[in-house]
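Visitor: What follows is run-v5.pdb; its format and atoms are PDB, C-alpha atoms, pLDDT in the B column.
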ATOM      1  CA  ALA I   1     -13.474  14.673  31.350  1.00 64.00           C
ATOM      2  CA  CYS I   2     -13.724  12.198  28.476  1.00 63.00           C
ATOM      3  CA  ASP I   3     -17.352  13.122  27.841  1.00 61.00           C
ATOM      4  CA  VAL I   4     -16.714  16.871  28.084  1.00 60.00           C
ATOM      5  CA  LEU I   5     -13.666  16.828  25.808  1.00 59.00           C
ATOM      6  CA  ARG I   6     -14.801  14.268  23.238  1.00 69.00           C
ATOM      7  CA  ASP I   7     -16.272  16.903  20.912  1.00 70.00           C
ATOM      8  CA  VAL I   8     -13.786  19.635  21.846  1.00 74.00           C
ATOM      9  CA  ASP I   9     -10.223  18.334  21.919  1.00 70.00           C
ATOM     10  CA  GLY I  10     -10.741  14.649  21.428  1.00 80.00           C
ATOM     11  CA  PHE I  11      -8.727  12.598  23.871  1.00 80.00           C
ATOM     12  CA  VAL I  12      -7.973  12.492  27.579  1.00 79.00           C
ATOM     13  CA  SER I  13      -4.787  10.920  28.895  1.00 82.00           C
ATOM     14  CA  MET I  14      -5.097   9.448  32.369  1.00 87.00           C
ATOM     15  CA  PRO I  15      -1.995   7.964  33.993  1.00 89.00           C
ATOM     16  CA  VAL I  16      -2.085   4.488  35.421  1.00 88.00           C
ATOM     17  CA  GLY I  17      -1.868   4.666  39.202  1.00 77.00           C
ATOM     18  CA  ALA I  18      -1.074   2.164  41.933  1.00 60.00           C
ATOM     19  CA  PRO I  19      -0.274  -0.704  42.077  1.00 59.00           C
ATOM     20  CA  ALA I  20       1.570  -0.371  38.777  1.00 55.00           C
ATOM     21  CA  ALA I  21       3.366   2.782  39.901  1.00 58.00           C
ATOM     22  CA  ARG I  22       5.655   0.794  42.193  1.00 66.00           C
ATOM     23  CA  ARG I  23       9.282   0.667  41.108  1.00 68.00           C
ATOM     24  CA  GLU I  24       9.291  -3.115  41.022  1.00 77.00           C
ATOM     25  CA  ALA I  25       6.150  -3.312  38.879  1.00 82.00           C
ATOM     26  CA  SER I  26       6.415  -5.586  35.849  1.00 89.00           C
ATOM     27  CA  PRO I  27       4.989  -4.884  32.387  1.00 91.00           C
ATOM     28  CA  GLY I  28       2.189  -7.290  33.305  1.00 92.00           C
ATOM     29  CA  ASP I  29       1.341  -5.165  36.365  1.00 91.00           C
ATOM     30  CA  TRP I  30       1.083  -2.076  34.157  1.00 92.00           C
ATOM     31  CA  ILE I  31      -1.100  -3.892  31.622  1.00 94.00           C
ATOM     32  CA  THR I  32      -3.401  -5.175  34.369  1.00 93.00           C
ATOM     33  CA  SER I  33      -3.756  -1.666  35.799  1.00 92.00           C
ATOM     34  CA  ALA I  34      -4.397  -0.296  32.299  1.00 94.00           C
ATOM     35  CA  ARG I  35      -7.207  -2.850  31.827  1.00 94.00           C
ATOM     36  CA  VAL I  36      -8.779  -1.816  35.128  1.00 93.00           C
ATOM     37  CA  LEU I  37      -8.544   1.879  34.255  1.00 91.00           C
ATOM     38  CA  ARG I  38      -9.988   1.399  30.786  1.00 90.00           C
ATOM     39  CA  GLY I  39     -12.787  -0.783  32.141  1.00 90.00           C
ATOM     40  CA  GLY I  40     -13.642   1.744  34.839  1.00 88.00           C
ATOM     41  CA  VAL I  41     -13.693   4.767  32.538  1.00 89.00           C
ATOM     42  CA  ASP I  42     -15.114   2.905  29.525  1.00 84.00           C
ATOM     43  CA  ARG I  43     -14.809   5.774  27.042  1.00 84.00           C
ATOM     44  CA  PRO I  44     -13.401   5.489  23.505  1.00 83.00           C
ATOM     45  CA  ASN I  45     -11.372   8.694  23.852  1.00 81.00           C
ATOM     46  CA  LEU I  46      -9.384   7.570  26.906  1.00 88.00           C
ATOM     47  CA  LEU I  47      -5.627   7.250  26.514  1.00 90.00           C
ATOM     48  CA  VAL I  48      -4.031   5.232  29.294  1.00 94.00           C
ATOM     49  CA  GLY I  49      -0.864   7.039  30.373  1.00 93.00           C
ATOM     50  CA  LEU I  50       2.236   4.894  30.764  1.00 93.00           C
ATOM     51  CA  PRO I  51       5.751   6.030  31.638  1.00 90.00           C
ATOM     52  CA  ALA I  52       8.312   5.962  28.847  1.00 92.00           C
ATOM     53  CA  ASP I  53      10.747   3.938  30.944  1.00 91.00           C
ATOM     54  CA  ALA I  54      11.856   0.397  30.064  1.00 91.00           C
ATOM     55  CA  THR I  55       8.964  -1.322  31.871  1.00 91.00           C
ATOM     56  CA  GLY I  56       6.331   1.113  30.615  1.00 92.00           C
ATOM     57  CA  ILE I  57       7.545   0.759  27.035  1.00 94.00           C
ATOM     58  CA  ARG I  58       7.213  -3.041  27.223  1.00 94.00           C
ATOM     59  CA  ALA I  59       3.713  -2.621  28.675  1.00 95.00           C
ATOM     60  CA  LEU I  60       2.792  -0.182  25.898  1.00 95.00           C
ATOM     61  CA  ALA I  61       3.002  -2.900  23.240  1.00 95.00           C
ATOM     62  CA  GLY I  62       0.926  -5.256  25.398  1.00 95.00           C
ATOM     63  CA  CYS I  63      -1.780  -2.651  25.907  1.00 95.00           C
ATOM     64  CA  LEU I  64      -2.047  -1.953  22.193  1.00 95.00           C
ATOM     65  CA  GLU I  65      -2.223  -5.695  21.491  1.00 94.00           C
ATOM     66  CA  GLU I  66      -5.324  -5.779  23.710  1.00 93.00           C
ATOM     67  CA  GLY I  67      -6.926  -2.757  22.075  1.00 93.00           C
ATOM     68  CA  ILE I  68      -6.070  -0.251  24.815  1.00 95.00           C
ATOM     69  CA  SER I  69      -5.084   3.197  23.497  1.00 93.00           C
ATOM     70  CA  VAL I  70      -2.006   4.580  25.220  1.00 94.00           C
ATOM     71  CA  ASP I  71       0.060   7.682  25.800  1.00 92.00           C
ATOM     72  CA  SER I  72       3.690   7.181  26.764  1.00 91.00           C
ATOM     73  CA  SER I  73       5.720  10.057  28.163  1.00 87.00           C
ATOM     74  CA  PRO I  74       7.943  11.803  28.948  1.00 90.00           C
ATOM     75  CA  CYS I  75      10.596  11.017  26.346  1.00 91.00           C
ATOM     76  CA  TYR I  76      13.903  12.696  27.071  1.00 93.00           C
ATOM     77  CA  THR I  77      16.119  11.306  24.321  1.00 95.00           C
ATOM     78  CA  VAL I  78      15.857  10.375  20.672  1.00 96.00           C
ATOM     79  CA  GLU I  79      16.747   6.793  21.610  1.00 96.00           C
ATOM     80  CA  GLN I  80      13.926   6.641  24.148  1.00 95.00           C
ATOM     81  CA  TYR I  81      11.484   8.051  21.590  1.00 95.00           C
ATOM     82  CA  ALA I  82      12.642   5.424  19.066  1.00 97.00           C
ATOM     83  CA  GLU I  83      11.979   2.674  21.640  1.00 96.00           C
ATOM     84  CA  VAL I  84       8.451   4.029  22.180  1.00 96.00           C
ATOM     85  CA  LEU I  85       7.831   4.082  18.417  1.00 96.00           C
ATOM     86  CA  ASP I  86       9.131   0.517  18.039  1.00 97.00           C
ATOM     87  CA  ALA I  87       6.827  -0.663  20.841  1.00 96.00           C
ATOM     88  CA  GLN I  88       3.893   1.148  19.237  1.00 95.00           C
ATOM     89  CA  LEU I  89       4.510  -0.528  15.880  1.00 95.00           C
ATOM     90  CA  THR I  90       4.960  -3.944  17.491  1.00 95.00           C
ATOM     91  CA  GLY I  91       1.757  -3.537  19.485  1.00 94.00           C
ATOM     92  CA  LEU I  92      -0.250  -2.313  16.492  1.00 95.00           C
ATOM     93  CA  GLU I  93       1.013  -5.143  14.263  1.00 94.00           C
ATOM     94  CA  THR I  94       0.145  -7.749  16.890  1.00 94.00           C
ATOM     95  CA  ALA I  95      -3.256  -6.142  17.477  1.00 94.00           C
ATOM     96  CA  LEU I  96      -3.987  -6.286  13.756  1.00 94.00           C
ATOM     97  CA  SER I  97      -2.973  -9.963  13.632  1.00 94.00           C
ATOM     98  CA  ALA I  98      -5.308 -10.651  16.575  1.00 92.00           C
ATOM     99  CA  GLY I  99      -8.250  -8.990  14.824  1.00 93.00           C
ATOM    100  CA  VAL I 100      -8.165  -5.674  16.711  1.00 91.00           C
ATOM    101  CA  ASP I 101      -9.026  -2.709  14.480  1.00 89.00           C
ATOM    102  CA  PRO I 102      -5.898  -0.531  14.663  1.00 85.00           C
ATOM    103  CA  SER I 103      -7.846   2.505  13.452  1.00 84.00           C
ATOM    104  CA  ALA I 104      -9.688   2.421  16.793  1.00 84.00           C
ATOM    105  CA  LEU I 105      -6.406   2.781  18.686  1.00 87.00           C
ATOM    106  CA  VAL I 106      -4.635   6.011  19.487  1.00 81.00           C
ATOM    107  CA  VAL I 107      -0.942   6.140  20.299  1.00 77.00           C
TER     108      VAL I 107
END
Take the structure in the file and give it back as structure tokens.
Guide:
Amino acid sequence: ACDVLRDVDGFVSMPVGAPAARREASPGDWITSARVLRGGVDRPNLLVGLPADATGIRALAGCLEEGISVDSSPCYTVEQYAEVLDAQLTGLETALSAGVDPSALVV
């Protein structure tokens, strides 16, 4: 899908699956699964889909810090959306400090 849509619509969001989808999964579990997914797909227009719950939001910043583009949804409240935005900014700032080109990341 990434190859087909690259020139058409741009990006493909693919949700992280097991083992991170367990309720007791930690942010580190989500980040590890995101690394595996990104490594397996290996396309620049992949967005790794993370849930916009408390654990997923913490993992979002960690993924961005490592140069992994992410999509976080669904957001049901303004407060939840603000938490996602804060995590995005934190992750992008840390990525920039670590030498990751933030223009290569999509959030």
Visitor: Just say which residues the PyMOL selection byres ((chain I and resi 60) around 8) picks in this file, as an MDAnalysis selection string.
Guide: chainID I and resid 31 50 56:59 61:64 70 72 84 87:88 91
Visitor: Quick one: distance from CA of Ala52 in chain I to CA of Gln80 in chain I in Å, one decimal?
Guide: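 So the answer is 7.4 Å.
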Visitor: So, counting only C-alpha atoms, which residue among I:Val12, I:Leu85, I:Cys75, I:Ala104 is closest to Asn45 in chain I?
Guide: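 Nearest to Asn45 in chain I: I:Val12.
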Visitor: State, in Å with one decimal place, the distance from CA of Val106 in chain I to CA of Ser69 in chain I.
Guide: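 Spanning CA of Val106 in chain I to CA of Ser69 in chain I is a straight-line distance of 4.9 Å.
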Visitor: Apply the PyMOL selection byres ((chain I and resi 46) around 12) to the file shown and report the selected residues as a CSV table (one decimal) with C-alpha atoms, in the coordinates of the input.
Guide:
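Listing of out-v9.csv after writing:
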chain,number,residue,atom,x,y,z
I,1,ALA,CA,-13.5,14.7,31.4
I,2,CYS,CA,-13.7,12.2,28.5
I,3,ASP,CA,-17.4,13.1,27.8
I,4,VAL,CA,-16.7,16.9,28.1
I,5,LEU,CA,-13.7,16.8,25.8
I,6,ARG,CA,-14.8,14.3,23.2
I,9,ASP,CA,-10.2,18.3,21.9
I,10,GLY,CA,-10.7,14.6,21.4
I,11,PHE,CA,-8.7,12.6,23.9
I,12,VAL,CA,-8.0,12.5,27.6
I,13,SER,CA,-4.8,10.9,28.9
I,14,MET,CA,-5.1,9.4,32.4
I,15,PRO,CA,-2.0,8.0,34.0
I,16,VAL,CA,-2.1,4.5,35.4
I,34,ALA,CA,-4.4,-0.3,32.3
I,35,ARG,CA,-7.2,-2.8,31.8
I,37,LEU,CA,-8.5,1.9,34.3
I,38,ARG,CA,-10.0,1.4,30.8
I,39,GLY,CA,-12.8,-0.8,32.1
I,40,GLY,CA,-13.6,1.7,34.8
I,41,VAL,CA,-13.7,4.8,32.5
I,42,ASP,CA,-15.1,2.9,29.5
I,43,ARG,CA,-14.8,5.8,27.0
I,44,PRO,CA,-13.4,5.5,23.5
I,45,ASN,CA,-11.4,8.7,23.9
I,47,LEU,CA,-5.6,7.2,26.5
I,48,VAL,CA,-4.0,5.2,29.3
I,49,GLY,CA,-0.9,7.0,30.4
I,67,GLY,CA,-6.9,-2.8,22.1
I,68,ILE,CA,-6.1,-0.3,24.8
I,69,SER,CA,-5.1,3.2,23.5
I,70,VAL,CA,-2.0,4.6,25.2
I,71,ASP,CA,0.1,7.7,25.8
I,104,ALA,CA,-9.7,2.4,16.8
I,105,LEU,CA,-6.4,2.8,18.7
I,106,VAL,CA,-4.6,6.0,19.5
I,107,VAL,CA,-0.9,6.1,20.3
Visitor: Would you please work out which residue, of I:Trp30, I:Glu79, I:Glu65, I:Asp86, is nearest to Pro102 in chain I when using all atoms listed in the file?
Guide: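 Among the listed residues, the smallest separation from Pro102 in chain I belongs to I:Glu65.
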Visitor: Just to confirm, what's the straight-line distance from CA of Glu66 in chain I to CA of Asp29 in chain I in Å (one decimal)?
Guide: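 Atom-to-atom, CA of Glu66 in chain I and CA of Asp29 in chain I are spaced 14.3 Å apart.
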Visitor: Mind working out the centre and edge lengths of an axis-aligned box for range 34-48 of chain I, all listed atoms inside, 8 Å added to each side, rounded to one decimal in Å and written as JSON?
Guide:
{"center_x": -9.6, "center_y": 2.9, "center_z": 29.3, "size_x": 27.1, "size_y": 27.5, "size_z": 27.6}
Visitor: Quick one: of I:Thr94, I:Gly17, I:Val36, I:Val78, who's nearest to Pro51 in chain I, counting only C-alpha atoms?
Guide: I:Gly17
Visitor: Name the closest residue to Tyr76 in chain I among the candidates I:Val8, I:Gly99, I:Asp53, I:Ser33; distances are taken between atoms, counting all atoms listed in the file.
Guide: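 Using all atoms listed in the file, Tyr76 in chain I sits closest to I:Asp53.
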